[in-house]
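Engineer: Data: my_file-v5.csv, CSV, C-alpha atoms.
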chain,number,residue,atom,x,y,z
A,1,MET,CA,190.9,101.1,127.5
A,2,TYR,CA,188.4,104.0,127.6
A,3,TYR,CA,189.4,105.0,124.1
A,4,LEU,CA,189.0,101.5,122.8
A,5,ASN,CA,185.5,101.2,124.4
A,6,PHE,CA,184.5,104.6,123.0
A,7,SER,CA,185.6,103.4,119.5
A,8,ILE,CA,183.6,100.2,119.9
A,9,ILE,CA,180.5,102.2,120.8
A,10,PHE,CA,181.1,104.3,117.7
A,11,ALA,CA,181.5,101.2,115.6
A,12,ALA,CA,178.2,99.8,116.8
A,13,MET,CA,176.3,102.8,115.5
A,14,LYS,CA,174.9,103.1,112.0
A,15,LYS,CA,177.2,104.6,109.3
A,16,THR,CA,175.3,107.9,109.1
A,17,GLN,CA,175.2,108.3,112.9
A,18,ARG,CA,179.0,107.6,113.1
A,19,ILE,CA,179.7,110.2,110.5
A,20,LEU,CA,177.6,113.0,112.1
A,21,LEU,CA,178.8,112.3,115.6
A,22,GLN,CA,182.4,112.3,114.6
A,23,MET,CA,182.0,115.6,112.7
A,24,VAL,CA,180.3,117.2,115.7
A,25,ILE,CA,183.0,116.0,118.1
A,26,TRP,CA,186.0,117.1,116.1
A,27,THR,CA,184.4,120.4,115.2
A,28,CYS,CA,184.0,121.1,118.9
A,29,ILE,CA,187.7,120.1,119.5
A,30,ALA,CA,188.7,122.5,116.7
A,31,PHE,CA,186.7,125.3,118.2
A,32,PHE,CA,188.4,124.6,121.5
A,33,PHE,CA,191.8,125.0,119.7
A,34,CYS,CA,190.6,128.4,118.4
A,35,LEU,CA,189.9,129.6,121.9
A,36,VAL,CA,193.2,128.3,123.3
A,37,LEU,CA,195.2,129.9,120.4
A,38,GLY,CA,193.4,133.2,121.0
A,39,ASP,CA,192.2,133.4,117.4
A,40,LYS,CA,189.9,136.5,117.3
A,41,ARG,CA,190.2,137.2,113.5
A,42,ALA,CA,188.1,134.6,111.7
A,43,PRO,CA,187.3,131.5,113.9
A,44,VAL,CA,184.1,130.8,111.9
A,45,PHE,CA,186.1,130.8,108.6
A,46,LEU,CA,188.9,128.6,109.9
A,47,LEU,CA,186.3,126.2,111.5
A,48,SER,CA,184.4,126.1,108.3
A,49,VAL,CA,187.5,125.2,106.3
A,50,PHE,CA,188.4,122.5,108.9
A,51,LEU,CA,184.9,121.1,108.8
A,52,GLY,CA,184.9,121.0,105.0
A,53,CYS,CA,188.3,119.3,104.9
A,54,TYR,CA,187.3,116.8,107.6
A,55,SER,CA,184.0,116.1,105.8
A,56,ILE,CA,185.9,115.3,102.6
A,57,LEU,CA,188.3,113.0,104.3
A,58,LEU,CA,185.6,111.2,106.4
A,59,LEU,CA,183.2,110.7,103.5
A,60,ALA,CA,186.1,109.5,101.2
A,61,LEU,CA,187.2,107.1,104.0
A,62,VAL,CA,183.7,105.7,104.8
A,63,TYR,CA,182.4,105.3,101.2
A,64,VAL,CA,185.5,104.8,99.1
A,65,PHE,CA,188.8,104.2,100.7
A,66,ALA,CA,187.7,101.7,103.4
A,67,PRO,CA,185.4,99.5,101.3
A,68,ARG,CA,187.8,99.4,98.3
A,69,TYR,CA,191.1,99.2,100.0
A,70,LEU,CA,191.1,98.8,103.8
A,71,PHE,CA,188.5,96.0,104.1
A,72,LYS,CA,190.0,94.1,101.2
A,73,GLY,CA,193.5,94.1,102.7
A,74,LYS,CA,195.1,96.6,100.3
A,75,TYR,CA,196.8,98.4,103.1
A,76,VAL,CA,199.6,100.1,101.1
A,77,VAL,CA,197.1,101.5,98.6
A,78,PHE,CA,194.9,102.7,101.4
A,79,ILE,CA,197.7,104.5,103.1
A,80,LEU,CA,198.9,106.1,99.9
A,81,VAL,CA,195.5,107.4,98.8
A,82,SER,CA,194.8,108.6,102.4
A,83,LEU,CA,198.0,110.5,102.7
A,84,THR,CA,197.5,112.1,99.3
A,85,LEU,CA,194.1,113.4,100.1
A,86,PHE,CA,195.3,114.4,103.6
A,87,MET,CA,198.1,116.5,102.2
A,88,VAL,CA,195.7,118.3,99.9
A,89,THR,CA,193.2,119.1,102.6
A,90,ALA,CA,196.0,120.0,105.1
A,91,GLN,CA,197.4,122.5,102.5
A,92,LEU,CA,193.9,124.1,102.4
A,93,LEU,CA,194.0,124.5,106.2
A,94,VAL,CA,197.4,126.1,106.1
A,95,LEU,CA,196.3,128.6,103.4
A,96,ALA,CA,193.1,129.3,105.3
A,97,ASP,CA,195.1,130.6,108.4
A,98,PRO,CA,194.3,134.3,108.7
A,99,GLY,CA,197.4,135.1,110.8
A,100,PRO,CA,200.4,136.9,109.1
A,101,GLY,CA,202.9,134.5,107.7
A,102,MET,CA,203.1,131.0,109.1
A,103,HIS,CA,203.2,131.8,112.8
A,104,ARG,CA,201.0,132.9,115.6
A,105,PRO,CA,200.6,136.7,115.5
A,106,GLU,CA,200.3,137.5,119.2
A,107,LEU,CA,203.6,136.5,120.7
A,108,PRO,CA,205.1,138.4,123.7
A,109,SER,CA,208.3,140.3,123.2
A,110,GLY,CA,211.3,138.1,123.3
A,111,PHE,CA,209.4,134.9,122.7
A,112,PRO,CA,210.5,132.4,121.7
A,113,PRO,CA,214.0,132.7,123.2
A,114,PRO,CA,216.9,132.6,120.8
A,115,GLY,CA,217.7,129.1,119.6
A,116,MET,CA,214.1,127.8,120.1
A,117,PRO,CA,211.9,127.1,117.2
A,118,ARG,CA,208.8,129.3,116.8
A,119,PRO,CA,205.4,127.6,117.4
A,120,PRO,CA,203.6,126.3,114.3
A,121,SER,CA,200.9,128.2,112.7
A,122,ARG,CA,197.2,127.5,113.4
A,123,GLY,CA,196.9,125.9,110.0
A,124,VAL,CA,199.6,123.4,110.9
A,125,LEU,CA,198.0,122.7,114.3
A,126,PHE,CA,194.6,122.1,112.6
A,127,SER,CA,196.2,119.8,110.1
A,128,LEU,CA,197.6,117.7,113.0
A,129,VAL,CA,194.1,117.6,114.5
A,130,LEU,CA,192.7,116.6,111.1
A,131,LEU,CA,195.3,113.8,110.9
A,132,VAL,CA,194.3,112.4,114.4
A,133,ALA,CA,190.6,112.7,113.5
A,134,TYR,CA,191.2,110.7,110.3
A,135,ALA,CA,193.2,108.0,112.1
A,136,VAL,CA,190.4,107.7,114.7
A,137,ALA,CA,187.8,107.5,112.0
A,138,ALA,CA,189.8,104.8,110.1
A,139,PHE,CA,190.1,102.8,113.4
A,140,VAL,CA,186.4,103.1,114.1
A,141,GLU,CA,185.5,101.9,110.6
A,142,GLY,CA,187.9,99.0,111.0
A,143,VAL,CA,186.3,98.0,114.3
A,144,SER,CA,182.8,98.3,112.7
A,145,TYR,CA,183.8,96.1,109.8
A,146,ALA,CA,185.3,93.5,112.1
A,147,GLN,CA,182.2,93.5,114.3
A,148,LYS,CA,180.0,93.1,111.2
A,149,LYS,CA,182.0,90.2,109.9
A,150,ALA,CA,182.0,88.6,113.4
A,151,LYS,CA,178.2,88.9,113.5
A,152,GLU,CA,177.8,87.4,110.0
A,153,ALA,CA,180.1,84.5,110.9
A,154,MET,CA,178.2,83.9,114.1
A,155,ALA,CA,174.9,84.0,112.3
A,156,SER,CA,176.1,81.7,109.6
A,157,LYS,CA,177.5,79.2,112.2
A,158,ASN,CA,174.2,79.3,114.1
A,159,GLU,CA,172.3,78.7,110.9
A,160,GLN,CA,174.5,75.7,110.0
A,161,LEU,CA,174.1,74.3,113.6
A,162,GLN,CA,170.3,74.7,113.5
A,163,THR,CA,170.2,73.0,110.1
A,164,GLU,CA,172.4,70.1,111.4
A,165,LEU,CA,170.2,69.9,114.6
A,166,LYS,CA,167.1,69.6,112.5
A,167,PHE,CA,168.7,66.8,110.5
A,168,LEU,CA,169.8,65.0,113.6
A,169,ARG,CA,166.3,65.3,115.1
A,170,SER,CA,164.8,64.0,111.8
A,171,GLN,CA,166.9,60.9,112.2
A,172,ILE,CA,165.3,60.1,115.5
A,173,ASN,CA,161.8,59.6,114.1
A,174,PRO,CA,162.4,56.7,111.7
A,175,HIS,CA,164.8,55.1,114.1
A,176,PHE,CA,162.2,55.2,116.9
A,177,LEU,CA,159.3,54.1,114.7
A,178,PHE,CA,161.3,51.2,113.3
A,179,ASN,CA,162.0,49.8,116.8
A,180,ALA,CA,158.4,50.4,118.0
A,181,LEU,CA,156.8,48.7,115.0
A,182,ASN,CA,159.1,45.7,115.5
A,183,ASN,CA,157.9,45.4,119.1
A,184,ILE,CA,154.3,45.7,118.1
A,185,TYR,CA,154.8,43.1,115.3
A,186,ALA,CA,156.3,40.7,117.9
A,187,LEU,CA,153.3,41.2,120.1
A,188,SER,CA,150.8,40.6,117.4
A,189,VAL,CA,152.4,37.3,116.7
A,190,LEU,CA,152.8,36.1,120.3
A,191,GLU,CA,149.9,37.7,122.2
A,192,SER,CA,147.5,39.5,120.0
A,193,HIS,CA,145.3,40.7,123.0
A,194,LYS,CA,148.2,43.1,124.0
A,195,THR,CA,148.4,44.7,120.7
A,196,PRO,CA,145.7,47.4,121.3
A,197,GLU,CA,147.5,48.4,124.5
A,198,SER,CA,150.8,48.7,122.7
A,199,ILE,CA,149.3,50.8,120.0
A,200,GLY,CA,148.0,53.2,122.7
A,201,HIS,CA,151.5,53.6,124.1
A,202,LEU,CA,152.8,54.0,120.6
A,203,SER,CA,150.3,56.7,119.9
A,204,ASP,CA,151.4,58.7,122.9
A,205,MET,CA,155.0,58.3,122.0
A,206,LEU,CA,154.4,59.4,118.4
A,207,ARG,CA,152.6,62.5,119.6
A,208,TYR,CA,155.6,63.4,121.6
A,209,VAL,CA,158.1,62.7,118.8
A,210,LEU,CA,156.1,64.5,116.1
A,211,TYR,CA,155.1,67.7,118.1
A,212,ASP,CA,157.2,68.2,121.2
A,213,CYS,CA,160.5,67.0,119.8
A,214,GLU,CA,160.3,69.8,117.1
A,215,GLN,CA,161.2,72.2,119.9
A,216,GLN,CA,164.8,72.5,121.0
A,217,LEU,CA,164.0,72.1,124.6
A,218,VAL,CA,161.1,70.4,126.4
A,219,PRO,CA,160.1,70.0,130.1
A,220,ILE,CA,161.9,67.0,131.6
A,221,LYS,CA,158.6,65.7,132.7
A,222,LYS,CA,157.6,65.0,129.1
A,223,GLU,CA,160.9,63.3,128.4
A,224,LEU,CA,160.4,61.1,131.5
A,225,THR,CA,156.8,60.2,130.4
A,226,TYR,CA,158.2,59.2,127.0
A,227,ILE,CA,160.8,56.9,128.7
A,228,LYS,CA,158.1,55.3,130.8
A,229,ASN,CA,155.9,54.6,127.8
A,230,PHE,CA,158.9,53.2,126.1
A,231,PHE,CA,159.5,50.7,128.9
A,232,LYS,CA,155.7,49.9,129.1
A,233,LEU,CA,155.8,49.1,125.4
A,234,PHE,CA,158.8,46.9,125.8
A,235,ALA,CA,157.3,45.2,128.9
A,236,LEU,CA,154.3,44.0,126.9
A,237,LYS,CA,156.6,41.5,125.2
A,238,ARG,CA,156.1,39.0,128.0
A,239,SER,CA,154.0,38.5,131.1
A,240,GLU,CA,156.9,38.2,133.5
A,241,PRO,CA,158.7,41.5,134.4
A,242,PHE,CA,162.1,42.2,133.0
A,243,PRO,CA,165.0,42.7,135.4
A,244,ILE,CA,165.0,46.5,134.8
A,245,THR,CA,165.3,48.9,137.7
A,246,ARG,CA,164.4,52.6,137.4
A,247,GLU,CA,165.2,55.4,139.8
A,248,CYS,CA,164.0,58.9,139.2
A,249,MET,CA,164.3,62.0,141.4
A,250,LEU,CA,163.2,65.4,140.0
A,251,GLU,CA,163.3,68.7,141.9
A,252,ASP,CA,161.5,70.5,139.1
A,253,ASP,CA,159.7,68.5,136.5
A,254,GLN,CA,159.4,71.6,134.3
A,255,GLN,CA,163.2,71.9,133.9
A,256,LEU,CA,163.9,72.2,130.2
A,257,VAL,CA,166.1,69.6,128.5
A,258,ALA,CA,166.8,68.7,124.9
A,259,PRO,CA,164.4,65.9,123.8
A,260,MET,CA,165.3,62.3,123.0
A,261,LEU,CA,168.7,62.5,124.7
A,262,PHE,CA,168.4,59.5,126.9
A,263,ILE,CA,166.4,57.0,124.7
A,264,PRO,CA,169.3,56.1,122.4
A,265,PHE,CA,171.3,54.9,125.5
A,266,ILE,CA,168.2,52.9,126.7
A,267,GLU,CA,167.7,51.3,123.3
A,268,ASN,CA,171.4,50.5,123.3
A,269,ALA,CA,171.1,48.8,126.7
A,270,LEU,CA,168.1,46.7,125.6
A,271,LYS,CA,169.9,45.6,122.5
A,272,HIS,CA,173.2,44.6,124.0
A,273,SER,CA,172.0,43.2,127.3
A,274,TYR,CA,169.9,40.6,125.5
A,275,ILE,CA,167.6,41.0,128.4
A,276,GLU,CA,164.9,38.9,126.7
A,277,GLN,CA,167.1,35.9,126.1
A,278,VAL,CA,170.0,35.8,128.7
A,279,GLU,CA,169.6,34.8,132.3
A,280,ASP,CA,171.2,37.1,135.0
A,281,SER,CA,171.0,40.0,132.6
A,282,PHE,CA,170.0,43.4,134.0
A,283,ILE,CA,169.4,47.1,133.2
A,284,ASP,CA,169.7,49.9,135.8
A,285,VAL,CA,168.5,53.4,134.9
A,286,LYS,CA,168.9,56.4,137.1
A,287,LEU,CA,167.7,60.0,136.4
A,288,GLU,CA,168.2,62.9,138.8
A,289,GLN,CA,167.5,66.6,138.3
A,290,THR,CA,168.6,69.3,140.6
A,291,SER,CA,168.6,73.1,140.4
A,292,ASP,CA,171.8,73.2,138.3
A,293,MET,CA,172.4,69.6,137.0
A,294,ILE,CA,170.7,66.7,135.2
A,295,TYR,CA,172.3,63.4,136.0
A,296,PHE,CA,171.6,60.3,133.9
A,297,GLU,CA,173.1,56.9,134.4
A,298,ILE,CA,172.4,53.6,132.8
A,299,ARG,CA,174.2,50.3,133.4
A,300,ASN,CA,173.4,47.0,131.6
A,301,SER,CA,174.9,43.6,131.6
A,302,LEU,CA,176.8,42.2,128.6
A,303,SER,CA,176.6,38.7,127.5
A,304,ARG,CA,179.9,37.1,126.3
A,305,LYS,CA,177.9,34.5,124.4
A,306,HIS,CA,175.8,37.0,122.5
A,307,ILE,CA,177.7,40.2,122.5
A,308,GLN,CA,178.5,41.6,119.1
A,309,LYS,CA,181.8,43.1,118.3
A,310,ASP,CA,180.5,45.8,116.0
A,311,GLU,CA,180.7,49.5,117.0
A,312,VAL,CA,178.7,49.9,120.1
A,313,GLY,CA,175.8,52.4,119.9
A,314,GLY,CA,175.7,52.9,116.2
A,315,ILE,CA,174.0,55.9,114.8
A,316,GLY,CA,171.9,56.6,117.8
A,317,ILE,CA,174.7,57.3,120.3
A,318,GLU,CA,176.7,59.3,117.7
A,319,ASN,CA,173.6,61.3,117.1
A,320,VAL,CA,173.3,62.1,120.8
A,321,LYS,CA,177.0,63.1,121.0
A,322,ARG,CA,176.6,65.6,118.2
A,323,ARG,CA,173.4,67.0,119.6
A,324,LEU,CA,175.0,67.4,123.0
A,325,ALA,CA,177.9,69.3,121.4
A,326,ILE,CA,175.5,71.7,119.6
A,327,ILE,CA,173.0,72.3,122.4
A,328,TYR,CA,175.2,72.0,125.5
A,329,PRO,CA,178.7,73.1,124.4
A,330,ASN,CA,181.1,72.9,127.4
A,331,LYS,CA,178.1,72.2,129.6
A,332,HIS,CA,177.9,68.4,129.6
A,333,GLN,CA,180.0,65.4,130.5
A,334,LEU,CA,179.5,62.1,128.8
A,335,HIS,CA,181.4,59.1,130.1
A,336,ILE,CA,180.9,55.7,128.4
A,337,SER,CA,182.7,52.6,129.8
A,338,GLU,CA,182.7,48.9,129.1
A,339,SER,CA,184.0,46.0,131.0
A,340,ASP,CA,183.8,42.3,130.4
A,341,ALA,CA,180.3,42.1,132.0
A,342,VAL,CA,178.9,45.7,132.3
A,343,PHE,CA,178.4,48.6,129.9
A,344,SER,CA,177.7,51.9,131.6
A,345,VAL,CA,176.9,55.5,130.5
A,346,ILE,CA,177.0,58.5,132.7
A,347,LEU,CA,175.7,61.8,131.4
A,348,LYS,CA,175.9,65.1,133.3
A,349,ILE,CA,174.2,68.2,131.9
A,350,GLN,CA,174.5,71.7,133.4
A,351,THR,CA,171.0,73.1,133.1
A,352,LEU,CA,170.6,76.2,130.9
How would this structure read if it were set down as structure tokens?
Structural biologist:
Amino acid sequence: MYYLNFSIIFAAMKKTQRILLQMVIWTCIAFFFCLVLGDKRAPVFLLSVFLGCYSILLLALVYVFAPRYLFKGKYVVFILVSLTLFMVTAQLLVLADPGPGMHRPELPSGFPPPGMPRPPSRGVLFSLVLLVAYAVAAFVEGVSYAQKKAKEAMASKNEQLQTELKFLRSQINPHFLFNALNNIYALSVLESHKTPESIGHLSDMLRYVLYDCEQQLVPIKKELTYIKNFFKLFALKRSEPFPITRECMLEDDQQLVAPMLFIPFIENALKHSYIEQVEDSFIDVKLEQTSDMIYFEIRNSLSRKHIQKDEVGGIGIENVKRRLAIIYPNKHQLHISESDAVFSVILKIQTL
């Protein structure tokens, strides 16, 4: 586990930093081997040869073998070229061993006992160290490449999601404006003296849609104000109040929430309840905000006489579903149900 974490830290460094740090570490390890082996003849020379061989292997790995073969999935070619270069450099280490022959020069009398193999030369030991160092470097480069690709994939995904989110938000404006202008047009025909008041509400709503809704999150207070203006604009259609009940409880009106999440459900309720035409129709809206949750619920009556059998919600609700998936992944619950007489929506959002 510690080895893996150490390799990940290595991989997070810049390429030049990784190369220098690995050269320092393995040179120190090779120097330690010189001390353990009791090499008093030419430790500087042997270390220099080791450092030169390791530099050749490391630079070849980082700048040639890994980009051309390892990262492109050509593993057989990568192993073959790596082994070929390693055998050449290992031979240089063996030849650089200053001891007599191929064995350690300072062995006690009678060692090793008969039948036991003699210990390998320093050149062979340093070759094994070189092999381990190269394997570690290859692993570090592989982890670094995987991390880089993961970051690129994440950045690309985030960019795509942001682009989609902007497109979804752009769909809100014309949809809202179309409905609002229809309401004002109806007012201008029926009761022209209410038209200026409706235009005032529309102006406040447009300001929110054009400026605040460009942000990914807004204070829930602004979203609630927009909903209130929406109902005020709708209420101007007639002098008698509509059977709409609203309940709102906010612990913190500055709690951030994605804008225009609730309005599509309200528009859907106004459309399918036929609250302007049908007796005994109703709409109940409830919005609660706590320290860790936003709870929205809306229930509206359905008229068997006027109810349409097309897809309920249309573009507006599908837009909300997609935005919820992007902004609140695994942090929201949306439950939509419909009976013969009541259509209900319950939305729970875990606050960010």
Engineer: Which one is closest to Ile79 of chain A: A:Val124, A:Ala269, A:Leu130, A:Ala138? Count all atoms listed in the file.
Structural biologist: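 Closest candidate: A:Ala138.
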Engineer: One decimal, Å: what's the distance from atom CA of Phe32 of chain A over to atom CA of Phe86 of chain A, could you say?
Structural biologist: 21.7 Å
Engineer: Taking only C-alpha atoms into account, which of A:Lys286, A:Arg299, A:Arg18, A:Lys74 comes nearest Ser273 of chain A?
Structural biologist: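 Selected residue with least distance to Ser273 of chain A: A:Arg299.
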Engineer: Mind checking which residues fall within 6 Å of segment 237-252 of chain A, counting only C-alpha atoms, ignoring those fewer than 3 positions away in the same chain, and posting them as a PyMOL selection string?
Structural biologist: chain A and resi 234+255+282-290
Engineer: Pick from A:Leu83, A:Leu217, A:Ala341, A:Ile25: nearest to Asp280 of chain A, with only C-alpha atoms counted?
Structural biologist: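 Nearest candidate to Asp280 of chain A out of A:Leu83, A:Leu217, A:Ala341, A:Ile25: A:Ala341.
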Engineer: Restricting the calculation to all atoms listed in the file: of A:Thr27, A:Ser291, A:Asn229, A:Ser198, which residue gets closest to Val129 of chain A?
Structural biologist: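 The answer is A:Thr27, which sits nearest to Val129 of chain A.
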Engineer: Could you name the residues that touch Ser55 of chain A at 12 Å or less, counting only C-alpha atoms, but leaving out those on the same chain fewer than 2 positions away, as a list in words?
Structural biologist: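 After dropping sequence-adjacent residues, the list is Ile19, Leu20, Leu21, Gln22, Met23, Val24, Trp26, Thr27, Leu47, Ser48, Val49, Phe50, Leu51, Gly52, Cys53, Leu57, Leu58, Leu59, Ala60, Leu61, Val62, Tyr63, Leu85, Phe86, Thr89, Leu130, Ala133, Tyr134 and Ala137 of chain A.
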Engineer: Could you please determine the separation between atom CA of Ile349 of chain A and atom CA of Ile227 of chain A in Å, to one decimal place?
Structural biologist: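 Separation between atom CA of Ile349 of chain A and atom CA of Ile227 of chain A: 17.8 Å.
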Engineer: For a test of reading the model, state the distance in Å between atom CA of Arg207 of chain A and atom CA of Glu223 of chain A, rounded to one decimal.
Structural biologist: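 Interatomic distance, atom CA of Arg207 of chain A to atom CA of Glu223 of chain A: 12.1 Å.
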Engineer: Taking only C-alpha atoms into account, name the residue in A:Phe139, A:Tyr54, A:Leu128, A:Leu93 that is nearest to Leu70 of chain A.
Structural biologist: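 Ranking A:Phe139, A:Tyr54, A:Leu128, A:Leu93 by distance to Leu70 of chain A, first place goes to A:Phe139.
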Engineer: Can you list, as an mmCIF file with C-alpha atoms, in the frame of the given file, every protein, DNA or RNA residue that comes within 9 Å of Tyr274 of chain A when you count all atoms listed in the file, leaving out same-chain residues fewer than 4 positions away?
Structural biologist:
data_model
loop_
_atom_site.group_PDB
_atom_site.id
_atom_site.type_symbol
_atom_site.label_atom_id
_atom_site.label_comp_id
_atom_site.auth_asym_id
_atom_site.auth_seq_id
_atom_site.Cartn_x
_atom_site.Cartn_y
_atom_site.Cartn_z
ATOM 1 C CA ALA A 269 171.100 48.800 126.700
ATOM 2 C CA LEU A 270 168.100 46.700 125.600
ATOM 3 C CA VAL A 278 170.000 35.800 128.700
ATOM 4 C CA GLU A 279 169.600 34.800 132.300
ATOM 5 C CA SER A 281 171.000 40.000 132.600
ATOM 6 C CA PHE A 282 170.000 43.400 134.000
ATOM 7 C CA SER A 301 174.900 43.600 131.600
ATOM 8 C CA LEU A 302 176.800 42.200 128.600
ATOM 9 C CA SER A 303 176.600 38.700 127.500
ATOM 10 C CA HIS A 306 175.800 37.000 122.500
ATOM 11 C CA ILE A 307 177.700 40.200 122.500
#
Engineer: Go through A:Ile56, A:Leu261, A:Ala235, A:Ile266 and flag the residue nearest Tyr328 of chain A, using all atoms listed in the file for the distances.
Structural biologist: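 Answer, going by the shortest atom-to-atom distance: A:Leu261.
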Engineer: I'd like the contact shell of Phe262 of chain A - 12 Å cut-off, all atoms listed in the file, skipping same-chain residues fewer than 3 positions apart - returned as an mmCIF file with C-alpha atoms, in the frame of the given file.
Structural biologist:
data_model
loop_
_atom_site.group_PDB
_atom_site.id
_atom_site.type_symbol
_atom_site.label_atom_id
_atom_site.label_comp_id
_atom_site.auth_asym_id
_atom_site.auth_seq_id
_atom_site.Cartn_x
_atom_site.Cartn_y
_atom_site.Cartn_z
ATOM 1 C CA ILE A 172 165.300 60.100 115.500
ATOM 2 C CA ILE A 220 161.900 67.000 131.600
ATOM 3 C CA GLU A 223 160.900 63.300 128.400
ATOM 4 C CA LEU A 224 160.400 61.100 131.500
ATOM 5 C CA TYR A 226 158.200 59.200 127.000
ATOM 6 C CA ILE A 227 160.800 56.900 128.700
ATOM 7 C CA LYS A 228 158.100 55.300 130.800
ATOM 8 C CA PHE A 230 158.900 53.200 126.100
ATOM 9 C CA VAL A 257 166.100 69.600 128.500
ATOM 10 C CA ALA A 258 166.800 68.700 124.900
ATOM 11 C CA PRO A 259 164.400 65.900 123.800
ATOM 12 C CA PHE A 265 171.300 54.900 125.500
ATOM 13 C CA ILE A 266 168.200 52.900 126.700
ATOM 14 C CA GLU A 267 167.700 51.300 123.300
ATOM 15 C CA ASN A 268 171.400 50.500 123.300
ATOM 16 C CA ALA A 269 171.100 48.800 126.700
ATOM 17 C CA VAL A 285 168.500 53.400 134.900
ATOM 18 C CA LYS A 286 168.900 56.400 137.100
ATOM 19 C CA LEU A 287 167.700 60.000 136.400
ATOM 20 C CA ILE A 294 170.700 66.700 135.200
ATOM 21 C CA TYR A 295 172.300 63.400 136.000
ATOM 22 C CA PHE A 296 171.600 60.300 133.900
ATOM 23 C CA GLU A 297 173.100 56.900 134.400
ATOM 24 C CA ILE A 298 172.400 53.600 132.800
ATOM 25 C CA GLY A 316 171.900 56.600 117.800
ATOM 26 C CA ILE A 317 174.700 57.300 120.300
ATOM 27 C CA ASN A 319 173.600 61.300 117.100
ATOM 28 C CA VAL A 320 173.300 62.100 120.800
ATOM 29 C CA LYS A 321 177.000 63.100 121.000
ATOM 30 C CA ARG A 323 173.400 67.000 119.600
ATOM 31 C CA LEU A 324 175.000 67.400 123.000
ATOM 32 C CA LEU A 334 179.500 62.100 128.800
ATOM 33 C CA VAL A 345 176.900 55.500 130.500
ATOM 34 C CA ILE A 346 177.000 58.500 132.700
ATOM 35 C CA LEU A 347 175.700 61.800 131.400
ATOM 36 C CA LYS A 348 175.900 65.100 133.300
ATOM 37 C CA ILE A 349 174.200 68.200 131.900
#
